[in-house]
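Below is one structure, written out as structure tokens; the observations come after it.
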Amino acid sequence: MPAMPARPKQLAVLLLAYCAAGVGCASQSTVVAPQRLNAALPLTAQDRALATQPLPARAAAMDVPARTVSLPLDPDLDATQIAERVREARPGDDGWIRWTVTRRVLTGTPPTEDPTGGSVLHLALTDTGDVVLEKQIEAADGVTTTFTPPMIILPASLAPGQTFEQSFAMRSVLTDRPDRERGSGPATQTTTLAAWERIATPAGEHLAARIEAVLRAKLGPASVTSTSTTWYAPGLGILAETRREEVTVMGLKIRDQRQGWVLQSPGAP
């Protein structure tokens, strides 16, 4: 069956695919508030010594707690997000270690699962040490997005001030009808380790690498730009992230979304 032409609303859901570097993305359009995140704490002497070192991808994205709980940076949102990791015990034949992250959004009191916020990320640690996203499934939209070659979330080792750039293709299909394409096209992402910073979160104060990333994609008639700032702490994973996503079609902006999350606690809630 030939691919169906993608409509602007359908193309907008492809933005969700870029949420893979973080513990979570909000489904609501929100303005990031800094009440739960302070990225301007002074560095200790030990921090300053560590801040000259590169960020190892494995320690930042794989060697982290199996379960984490995050809060939206917008204090008016009554939601938490849990990310659960499941890893293969052994590398595959290609030498890659693969695992999935299932994200669940809990809302209300007592917290109950919000089906509009779930997703499953298919991640891998490559034989060269890069952490990549191969596929993402968004349950609420019924959309699966793949990246060819896999999108590098973090290169094996990123030094302070270093920028990594990658080009790849994105393709989105209906999860239950993979023959029904909803959008595809080329994309480019740049990833920079801007600085090491000490930040305060509900989970405590930690030294973290501030990663700034920009994704630009051309998906049919839609132009997509997603900019993010993510703070990674080795051994803990993502402490906080902020993100802005914009979609324009024929010069008309159809989506402008800002959001952010901060780690509440590693481990079960």
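Simple scheme: letters A, B, ... for chains in structure tokens order, numbers from 1 for residues in each chain, numbers from 1 for ligands in the order shown.
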Closest atom pairs, residues of region 53-112 of chain A within 7 Å of region 221-235 of chain A, only C-alpha atoms, as a tab-separated table:
```
residue	atom	partner	partner_atom	distance
A:Ala59	CA	A:Pro234	CA	4.8
A:Ala60	CA	A:Pro234	CA	4.5
A:Asp63	CA	A:Gly235	CA	5.5
A:Val64	CA	A:Gly235	CA	4.8
```
### Task
Write down as a PyMOL selection string the residues belonging to region 56-170 of chain A that are assigned strand (DSSP E or B) by DSSP computed on the backbone.
chain A and resi 56+67-72+79-87+97-107+112-125+131-138+143-154+157-158+163-170
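For Ala83 (chain A), the residues within 8 Å (counting only C-alpha atoms, excluding itself and residues fewer than 6 positions away along the chain) are Val23, Gly24, Ala66, Arg67, Thr68, Val69, Val101, Thr102, Arg103 and Arg104 of chain A.
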### Task
Give the answer as one residue: which of A:Gly220, A:Gly237, A:Pro42, A:Gly142 has the shortest atom-to-atom distance to Met62 (chain A), using only C-alpha atoms?
A:Gly237
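The interatomic distance for the pair CA of Ala156 (chain A) and CA of Gln257 (chain A) works out to 29.9 Å.
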### Query
Which residues, written as a PyMOL selection string, have at least one atom at most 6 Å from region 184-199 of chain A, with only C-alpha atoms counted and residues fewer than 4 positions away on the same chain left out?
chain A and resi 38-39+41+51+160-171+205-219
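The spacing separating CA of Thr44 (chain A) from CA of Leu154 (chain A) amounts to 25.9 Å.
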### Query
So which residues touch Val262 (chain A) within 6 Å, counting only C-alpha atoms, skipping near sequence neighbours fewer than 3 positions away, as a PyMOL selection string?
chain A and resi 70-71+239-240
Mind writing the picked residues with C-alpha atoms as a compact mmCIF listing (two decimals), in the first residue's frame?
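Output below, filename selection_21.txt:
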```txt
# COMPACT_ATOMS: atom_id res chain seq x y z
CA SER A 70 11.10 13.04 37.82
CA LEU A 71 8.95 16.12 38.34
CA LEU A 239 19.24 15.14 36.59
CA ALA A 240 17.23 17.74 34.65
```
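Note that the spacing between CA of Arg182 (chain A) and CA of Gln136 (chain A) amounts to 14.2 Å.
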Show me a table, sorted first by chain and then by increasing residue number, of the residues of region 73-105 of chain A having an atom at most 9 Å from region 109-114 of chain A, each with its shortest atom pair and the distance in Å to one decimal, counting only C-alpha atoms and written as CSV.
```
residue,atom,partner,partner_atom,distance
A:Asp78,CA,A:Thr109,CA,8.9
A:Ala79,CA,A:Pro111,CA,8.1
A:Thr80,CA,A:Pro111,CA,8.3
A:Arg104,CA,A:Glu113,CA,6.6
A:Val105,CA,A:Asp114,CA,5.4
```
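The nearest approach to Ala139 (chain A) among the residues A:Leu174, A:Ser157, A:Thr52, A:Ile152, with only C-alpha atoms taken into account, belongs to A:Leu174.
For the choices A:Val120, A:Leu55, A:Ile254, A:Ile82, the atom-to-atom distance to Lys135 (chain A) is smallest for A:Val120 when using only C-alpha atoms.
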